[in-house]
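Visitor: Following this line is input_28.txt, made up of compact mmCIF, C-alpha atoms:
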# COMPACT_ATOMS: atom_id res chain seq x y z
CA MET A 1 78.96 7.25 13.65
CA THR A 2 80.12 6.41 10.15
CA SER A 3 79.15 3.21 8.38
CA VAL A 4 79.33 1.71 4.92
CA PRO A 5 76.01 2.34 3.17
CA ALA A 6 74.26 -0.59 1.52
CA ASN A 7 73.38 -0.60 -2.17
CA ALA A 8 70.02 0.53 -3.48
CA ALA A 9 68.76 -2.96 -4.33
CA SER A 10 69.19 -4.27 -0.78
CA LEU A 11 67.66 -1.12 0.68
CA ILE A 12 64.61 -1.50 -1.56
CA GLY A 13 64.32 -5.13 -0.46
CA PHE A 14 64.57 -4.06 3.17
CA GLY A 15 61.93 -1.40 2.64
CA VAL A 16 59.55 -3.95 1.13
CA ILE A 17 60.04 -6.24 4.15
CA VAL A 18 59.42 -3.40 6.62
CA LEU A 19 56.29 -2.30 4.75
CA THR A 20 55.03 -5.90 4.59
CA VAL A 21 55.44 -6.37 8.34
CA LEU A 22 53.63 -3.11 9.09
CA LEU A 23 50.76 -3.96 6.74
CA ALA A 24 50.50 -7.45 8.24
CA LEU A 25 50.22 -6.01 11.74
CA LEU A 26 47.56 -3.49 10.70
CA GLY A 27 45.79 -6.17 8.70
CA ALA A 28 45.65 -8.32 11.82
CA VAL A 29 44.05 -5.44 13.74
CA GLN A 30 41.48 -4.98 10.99
CA TYR A 31 40.72 -8.71 10.92
CA ALA A 32 40.33 -8.93 14.70
CA TYR A 33 38.29 -5.76 15.24
CA GLN A 34 36.51 -5.43 11.88
CA SER A 35 36.78 -1.66 12.31
CA PHE A 36 38.51 0.65 9.85
CA ARG A 37 38.55 3.39 12.50
CA THR A 38 40.38 1.14 14.97
CA THR A 39 42.88 0.17 12.30
CA MET A 40 43.48 3.82 11.42
CA ILE A 41 44.07 4.69 15.07
CA ALA A 42 46.52 1.81 15.36
CA GLY A 43 48.30 2.97 12.21
CA LEU A 44 48.46 6.55 13.47
CA ALA A 45 49.88 5.46 16.83
CA LEU A 46 52.44 3.26 15.12
CA GLY A 47 53.39 6.07 12.76
CA ILE A 48 53.87 8.56 15.61
CA TRP A 49 56.10 6.16 17.53
CA LEU A 50 58.22 5.23 14.50
CA GLY A 51 58.43 8.88 13.54
CA ALA A 52 59.61 9.93 17.00
CA GLN A 53 62.23 7.21 17.14
CA SER A 54 63.40 7.93 13.61
CA ALA A 55 63.68 11.63 14.46
CA LEU A 56 65.94 10.77 17.40
CA VAL A 57 68.13 8.63 15.15
CA PHE A 58 68.24 11.26 12.40
CA SER A 59 69.19 14.00 14.86
CA GLY A 60 72.37 12.13 15.80
CA ARG A 61 71.68 12.69 19.50
CA LEU A 62 71.33 8.99 20.20
CA THR A 63 75.08 8.46 20.38
CA SER A 64 75.47 11.23 22.97
CA LEU A 65 73.41 9.26 25.48
CA PRO A 66 74.90 6.63 27.86
CA LEU A 67 76.07 3.42 26.15
CA GLN A 68 75.75 5.12 22.77
CA GLY A 69 72.03 5.51 23.47
CA LEU A 70 71.35 1.84 22.72
CA PRO A 71 69.25 1.29 25.88
CA PHE A 72 67.06 4.22 24.78
CA PHE A 73 66.68 2.52 21.40
CA PHE A 74 66.13 -1.12 22.36
CA VAL A 75 64.32 -0.93 25.72
CA PRO A 76 61.26 0.98 24.40
CA ILE A 77 60.98 -1.57 21.58
CA LEU A 78 60.88 -4.49 24.01
CA VAL A 79 58.59 -2.75 26.51
CA ILE A 80 56.07 -1.37 24.02
CA TRP A 81 55.65 -4.53 21.96
CA THR A 82 55.55 -6.80 25.00
CA ALA A 83 52.98 -4.57 26.71
CA LEU A 84 50.80 -4.52 23.59
CA ALA A 85 50.99 -8.29 23.19
CA LEU A 86 49.98 -8.80 26.84
CA SER A 87 47.22 -6.18 26.67
CA PRO A 88 43.57 -6.69 25.64
CA ILE A 89 44.73 -5.94 22.09
CA GLY A 90 47.01 -8.97 22.16
CA ARG A 91 44.24 -11.07 23.67
CA ARG A 92 41.84 -10.03 20.89
CA LEU A 93 44.37 -10.90 18.20
CA ALA A 94 45.20 -14.23 19.88
CA ALA A 95 41.51 -15.13 19.94
CA SER A 96 40.79 -14.03 16.36
CA ILE A 97 43.75 -14.59 14.04
CA PRO A 98 44.09 -18.15 12.65
CA LEU A 99 47.09 -20.10 13.91
CA THR A 100 48.23 -20.53 10.31
CA ALA A 101 48.50 -16.77 9.93
CA LEU A 102 50.21 -16.27 13.31
CA VAL A 103 52.86 -18.84 12.39
CA GLY A 104 53.20 -17.70 8.79
CA PHE A 105 53.74 -14.09 9.85
CA GLN A 106 57.24 -15.00 11.06
CA ALA A 107 58.24 -16.02 7.52
CA PHE A 108 59.41 -12.44 6.86
CA ARG A 109 62.56 -13.35 8.78
CA LEU A 110 63.77 -15.47 5.84
CA PRO A 111 64.11 -12.62 3.30
CA LEU A 112 65.30 -10.32 6.09
CA GLU A 113 68.25 -12.61 6.77
CA LEU A 114 69.06 -12.63 3.05
CA VAL A 115 69.21 -8.83 3.19
CA LEU A 116 71.43 -8.94 6.28
CA HIS A 117 73.81 -11.35 4.55
CA SER A 118 73.97 -8.96 1.61
CA TRP A 119 74.76 -6.09 3.98
CA PHE A 120 77.58 -8.13 5.52
CA ARG A 121 79.09 -8.74 2.08
CA GLN A 122 78.92 -5.00 1.42
CA GLY A 123 80.66 -4.21 4.71
CA THR A 124 77.61 -2.56 6.30
CA ILE A 125 77.26 -4.98 9.23
CA PRO A 126 79.58 -7.49 10.92
CA GLU A 127 79.60 -11.18 10.04
CA THR A 128 78.25 -12.02 13.51
CA MET A 129 74.84 -10.74 12.37
CA THR A 130 74.54 -13.38 9.63
CA TRP A 131 74.14 -17.16 9.46
CA SER A 132 77.87 -17.46 8.81
CA GLY A 133 78.39 -15.80 12.20
CA GLN A 134 76.10 -16.29 15.20
CA ASN A 135 72.71 -15.21 13.85
CA TRP A 136 70.73 -18.25 12.67
CA ASP A 137 67.36 -16.53 12.49
CA ILE A 138 66.94 -17.64 8.88
CA ILE A 139 65.87 -20.99 10.36
CA SER A 140 62.87 -19.23 11.94
CA GLY A 141 61.65 -18.02 8.56
CA ILE A 142 62.07 -21.46 6.98
CA ILE A 143 60.28 -23.23 9.83
CA ALA A 144 57.44 -20.69 9.72
CA LEU A 145 56.93 -21.38 6.01
CA VAL A 146 57.00 -25.15 6.54
CA CYS A 147 54.80 -25.26 9.66
CA ALA A 148 52.21 -22.60 8.79
CA PRO A 149 50.10 -24.79 6.47
CA PHE A 150 49.81 -27.44 9.20
CA ALA A 151 49.35 -25.15 12.22
CA GLY A 152 45.57 -25.03 11.98
CA ARG A 153 45.16 -28.79 11.91
CA TRP A 154 48.05 -29.69 14.21
CA PRO A 155 48.78 -27.10 16.93
CA LEU A 156 51.98 -29.01 17.70
CA ALA A 157 53.40 -27.54 14.48
CA ALA A 158 52.55 -24.06 15.76
CA ARG A 159 54.15 -24.79 19.12
CA PHE A 160 57.32 -26.07 17.47
CA ALA A 161 57.60 -23.02 15.21
CA ASN A 162 56.89 -20.70 18.14
CA ILE A 163 59.49 -22.22 20.47
CA VAL A 164 62.24 -22.37 17.88
CA GLY A 165 61.45 -18.91 16.51
CA PHE A 166 61.34 -17.29 19.94
CA ALA A 167 64.63 -18.91 20.99
CA LEU A 168 66.32 -17.70 17.82
CA LEU A 169 64.85 -14.22 18.32
CA LEU A 170 66.41 -14.05 21.78
CA ASN A 171 69.69 -15.13 20.21
CA VAL A 172 69.41 -12.34 17.62
CA MET A 173 68.95 -9.81 20.42
CA ARG A 174 72.03 -11.17 22.20
CA VAL A 175 74.16 -11.05 19.07
CA ALA A 176 72.94 -7.54 18.18
CA VAL A 177 73.86 -6.17 21.60
CA MET A 178 77.27 -7.86 21.67
CA SER A 179 78.00 -6.72 18.11
CA SER A 180 77.19 -3.09 18.97
CA PRO A 181 79.77 -0.48 20.06
CA VAL A 182 79.27 -0.97 23.80
CA PRO A 183 82.06 -1.42 26.38
CA PHE A 184 81.16 -5.06 27.05
CA GLY A 185 80.60 -5.96 23.39
CA TRP A 186 82.74 -8.05 21.10
CA ASN A 187 85.84 -6.51 19.58
CA ILE A 188 84.77 -6.73 15.94
CA GLN A 189 84.99 -4.52 12.89
CA PRO A 190 82.76 -3.13 11.68
CA SER A 191 80.60 -2.92 14.75
CA LEU A 192 76.84 -3.05 14.37
CA GLN A 193 75.62 0.49 13.74
CA LEU A 194 72.17 -0.02 12.23
CA ALA A 195 70.50 1.71 15.20
CA PHE A 196 72.31 4.95 14.39
CA HIS A 197 71.28 5.35 10.75
CA LEU A 198 68.07 5.49 8.73
CA PRO A 199 66.44 3.50 7.26
CA TYR A 200 68.42 0.67 8.85
CA SER A 201 67.22 1.55 12.36
CA LEU A 202 63.69 0.45 11.40
CA ILE A 203 64.85 -3.14 11.76
CA GLY A 204 64.52 -2.72 15.53
CA PRO A 205 61.00 -1.38 16.10
CA VAL A 206 59.44 -3.06 13.06
CA CYS A 207 61.20 -6.36 12.47
CA VAL A 208 62.55 -7.32 15.90
CA GLY A 209 59.61 -5.76 17.73
CA GLY A 210 57.09 -7.23 15.30
CA ALA A 211 58.57 -10.71 15.65
CA LEU A 212 58.47 -10.44 19.44
CA PHE A 213 54.86 -9.26 19.37
CA GLY A 214 53.92 -12.09 17.05
CA HIS A 215 55.48 -14.75 19.27
CA ILE A 216 53.75 -13.51 22.41
CA VAL A 217 50.37 -13.34 20.67
CA LEU A 218 50.88 -16.84 19.26
CA THR A 219 51.80 -18.07 22.74
CA ARG A 220 48.57 -16.62 24.13
CA ALA A 221 46.60 -18.29 21.36
CA LEU A 222 48.20 -21.66 22.07
CA TRP A 223 47.75 -21.35 25.83
CA SER A 224 44.07 -20.65 25.33
CA GLY A 225 43.71 -24.07 23.75
CA ARG A 226 42.69 -22.70 20.37
CA LYS A 227 42.77 -24.88 17.26
Output the structure of this file as structure tokens.
Guide:
Amino acid sequence: MTSVPANAASLIGFGVIVLTVLLALLGAVQYAYQSFRTTMIAGLALGIWLGAQSALVFSGRLTSLPLQGLPFFFVPILVIWTALALSPIGRRLAASIPLTALVGFQAFRLPLELVLHSWFRQGTIPETMTWSGQNWDIISGIIALVCAPFAGRWPLAARFANIVGFALLLNVMRVAVMSSPVPFGWNIQPSLQLAFHLPYSLIGPVCVGGALFGHIVLTRALWSGRK
């Protein structure tokens, strides 16, 4: 599928965000386990998965699968990150990482939305994927920045940020699916084609998946009664 490529500046910004999210996730593993070996294993596993998915995207075979291959792109993201967050790994992170850090992690969604708005102006993605359309995820990043300093003292701030952020994340998923070239999607031009091109496709497994993982881990931390 053809798409309008974004300019170099926005791609560099996107790359910095992706790298920051990955380093934050690995940093959380290191903090929770205090083991460089464990962190390296986690990084290797993450690299293998991202590499395999990127290879599928780069090969162009994704679009030959049913529904343009989007279920094969999105479903593993949701399943893998949810399973990890509900696993003993997620429990260890929920018990170890400060609430301030768990809330503040979601702040990456603020600059990400700025990049998405830039991509819309360049014609790379549809308007529906920005705050001028139906994606209001920038609010999640702002709330995370505002609530993070107070999350450790007042867990209610963490709960508020978690509920709002998770609701907006679900909305992003809805908008992304409906903006994609699927039979039941919206009739818009251009359709959302980030999943079919590198490096844009990394927004799914890293940014969307990372945000989902972070919300589930934060939920486990709050349910455990941690302060």
Visitor: Just want the 12 Å neighbourhood of Tyr33 of chain A, counted on all atoms listed in the file, with same-chain residues fewer than 2 positions away dropped. Output as a list in words.
Guide: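 Close residues of Tyr33 of chain A: Leu26, Gly27, Ala28, Val29, Gln30, Tyr31, Ser35, Phe36, Arg37, Thr38, Thr39, Met40, Ile41, Ala42, Pro88, Ile89, Gly90, Arg91, Arg92, Leu93, Ala94, Ala95, Ser96 and Ile97 of chain A.
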Visitor: Would you please work out which residue, of A:Pro190, A:Val164, A:Val182, A:Leu212, is nearest to Pro66 of chain A when using all atoms listed in the file?
Guide: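 Selected residue with least distance to Pro66 of chain A: A:Val182.
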Visitor: Return the single residue from A:Gly133, A:Gly69, A:Pro181, A:Gly209 that is closest to Leu116 of chain A, with distances computed using all atoms listed in the file.
Guide: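 Checking each of A:Gly133, A:Gly69, A:Pro181, A:Gly209 against Leu116 of chain A, counting all atoms listed in the file, the winner is A:Gly133.
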Visitor: With all atoms listed in the file as the atoms that count, which of A:Tyr200, A:Phe72, A:Phe14, A:Trp49 lies nearest to Ile125 of chain A?
Guide: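 For Ile125 of chain A, the nearest of the candidates is A:Tyr200.
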Visitor: Quote the spacing between atom CA of Ser3 of chain A and atom CA of Gln68 of chain A in Å to one decimal place.
Guide: 14.9 Å
Visitor: May I have the residues within 9 Å of Glu113 of chain A as a VMD selection string, using only C-alpha atoms and disregarding those fewer than 3 positions away in the same chain?
Guide: chain A and resid 108 to 110 116 to 118 129 to 131 135 to 138 141
Visitor: Choose the residue, out of A:Phe73, A:Ala83, A:Leu44, A:Ser64, that has the smallest atom-to-atom separation from Ile203 of chain A; count all atoms listed in the file.
Guide: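 Smallest separation from Ile203 of chain A among the options: A:Phe73.
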Visitor: Would you kindly return, as a list of chain:residue names, each protein, DNA or RNA residue with an atom no farther than 12 Å from any atom of Gly60 of chain A, considering all atoms listed in the file and excluding same-chain residues fewer than 5 positions away?
Guide: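 After dropping sequence-adjacent residues, the list is A:Met1, A:Thr2, A:Gln53, A:Ser54, A:Ala55, A:Leu65, A:Gln68, A:Gly69, A:Ala195, A:Phe196, A:His197, A:Leu198.
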Visitor: Okay, now the selection with C-alpha atoms, as a PDB file, keeping the file's coordinate frame?
Guide:
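Result went into again_14.pdb, see below:
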ATOM      1  CA  MET A   1      78.960   7.250  13.650  1.00  0.00           C
ATOM      2  CA  THR A   2      80.120   6.410  10.150  1.00  0.00           C
ATOM      3  CA  GLN A  53      62.230   7.210  17.140  1.00  0.00           C
ATOM      4  CA  SER A  54      63.400   7.930  13.610  1.00  0.00           C
ATOM      5  CA  ALA A  55      63.680  11.630  14.460  1.00  0.00           C
ATOM      6  CA  LEU A  65      73.410   9.260  25.480  1.00  0.00           C
ATOM      7  CA  GLN A  68      75.750   5.120  22.770  1.00  0.00           C
ATOM      8  CA  GLY A  69      72.030   5.510  23.470  1.00  0.00           C
ATOM      9  CA  ALA A 195      70.500   1.710  15.200  1.00  0.00           C
ATOM     10  CA  PHE A 196      72.310   4.950  14.390  1.00  0.00           C
ATOM     11  CA  HIS A 197      71.280   5.350  10.750  1.00  0.00           C
ATOM     12  CA  LEU A 198      68.070   5.490   8.730  1.00  0.00           C
TER      13      LEU A 198
END
Visitor: In Å to one decimal, how far is atom CA of Gly204 of chain A from atom CA of Ser224 of chain A?
Guide: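 Atom-to-atom, atom CA of Ser224 of chain A to atom CA of Gly204 of chain A, that is 28.9 Å.
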Visitor: In Å, how far is it from atom CA of Gly51 of chain A to atom CA of Leu112 of chain A?
Guide: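 Distance reported for this atom pair: 21.7 Å.
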Visitor: Which one is closest to Val172 of chain A: A:Leu156, A:Leu192, A:Val208, A:Leu46? Count all atoms listed in the file.
Guide: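 Smallest separation from Val172 of chain A among the options: A:Val208.
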Visitor: Can you list, as a ChimeraX atom specification, every protein, DNA or RNA residue that comes within 10 Å of Ala101 of chain A when you count all atoms listed in the file, leaving out same-chain residues fewer than 2 positions away?
Guide: /A:24,28,97-99,103-106,144,148-149,151-152,218
Visitor: Please write a file for segment 1-13 of chain A, taken from the block I just shared, that holds all heavy atoms and is laid out as a tab-separated table (two decimals), in the first residue's frame.
Guide:
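The result, written out as result.tsv:
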chain	number	residue	atom	x	y	z
A	1	MET	N	0.83	-1.19	0.00
A	1	MET	CA	0.00	0.00	0.00
A	1	MET	C	0.87	1.25	0.00
A	1	MET	O	1.86	1.32	0.71
A	1	MET	CB	-0.92	0.03	1.22
A	1	MET	CG	-2.10	-0.90	1.11
A	1	MET	SD	-3.27	-0.60	2.44
A	1	MET	CE	-4.60	-1.65	1.89
A	2	THR	N	0.49	2.23	-0.81
A	2	THR	CA	1.24	3.47	-0.87
A	2	THR	C	0.75	4.43	0.19
A	2	THR	O	-0.42	4.41	0.59
A	2	THR	CB	1.07	4.12	-2.26
A	2	THR	OG1	-0.33	4.36	-2.50
A	2	THR	CG2	1.60	3.20	-3.35
A	3	SER	N	1.64	5.29	0.65
A	3	SER	CA	1.29	6.31	1.62
A	3	SER	C	2.24	7.47	1.47
A	3	SER	O	3.32	7.33	0.89
A	3	SER	CB	1.35	5.75	3.05
A	3	SER	OG	2.67	5.44	3.40
A	4	VAL	N	1.85	8.62	1.99
A	4	VAL	CA	2.69	9.80	1.92
A	4	VAL	C	3.71	9.73	3.05
A	4	VAL	O	3.33	9.69	4.23
A	4	VAL	CB	1.84	11.08	2.05
A	4	VAL	CG1	2.74	12.31	2.05
A	4	VAL	CG2	0.82	11.15	0.92
A	5	PRO	N	4.99	9.69	2.75
A	5	PRO	CA	5.99	9.60	3.82
A	5	PRO	C	6.09	10.90	4.61
A	5	PRO	O	5.90	11.99	4.07
A	5	PRO	CB	7.30	9.32	3.05
A	5	PRO	CG	7.06	9.89	1.68
A	5	PRO	CD	5.60	9.70	1.40
A	6	ALA	N	6.37	10.77	5.89
A	6	ALA	CA	6.54	11.94	6.75
A	6	ALA	C	7.94	12.50	6.60
A	6	ALA	O	8.85	11.82	6.11
A	6	ALA	CB	6.28	11.55	8.20
A	7	ASN	N	8.12	13.75	7.02
A	7	ASN	CA	9.44	14.36	6.89
A	7	ASN	C	10.41	13.81	7.93
A	7	ASN	O	10.02	13.15	8.89
A	7	ASN	CB	9.35	15.89	6.98
A	7	ASN	CG	8.80	16.38	8.31
A	7	ASN	OD1	8.99	15.76	9.35
A	7	ASN	ND2	8.10	17.50	8.27
A	8	ALA	N	11.67	14.10	7.73
A	8	ALA	CA	12.73	13.53	8.56
A	8	ALA	C	12.62	13.97	10.01
A	8	ALA	O	12.86	13.19	10.93
A	8	ALA	CB	14.10	13.91	7.99
A	9	ALA	N	12.26	15.24	10.22
A	9	ALA	CA	12.19	15.77	11.59
A	9	ALA	C	11.17	15.01	12.42
A	9	ALA	O	11.44	14.63	13.57
A	9	ALA	CB	11.86	17.25	11.56
A	10	SER	N	9.99	14.77	11.86
A	10	SER	CA	8.94	14.06	12.60
A	10	SER	C	9.31	12.60	12.82
A	10	SER	O	8.97	12.01	13.85
A	10	SER	CB	7.59	14.17	11.89
A	10	SER	OG	7.63	13.54	10.62
A	11	LEU	N	10.02	12.01	11.85
A	11	LEU	CA	10.44	10.62	12.00
A	11	LEU	C	11.51	10.49	13.09
A	11	LEU	O	11.51	9.51	13.85
A	11	LEU	CB	10.97	10.08	10.68
A	11	LEU	CG	9.92	9.80	9.61
A	11	LEU	CD1	10.58	9.35	8.31
A	11	LEU	CD2	8.93	8.74	10.08
A	12	ILE	N	12.39	11.47	13.17
A	12	ILE	CA	13.39	11.46	14.24
A	12	ILE	C	12.70	11.60	15.59
A	12	ILE	O	13.03	10.89	16.56
A	12	ILE	CB	14.42	12.58	14.04
A	12	ILE	CG1	15.29	12.29	12.81
A	12	ILE	CG2	15.29	12.75	15.28
A	12	ILE	CD1	16.22	13.43	12.43
A	13	GLY	N	11.72	12.50	15.67
A	13	GLY	CA	10.96	12.66	16.91
A	13	GLY	C	10.25	11.39	17.30
A	13	GLY	O	10.26	10.99	18.47
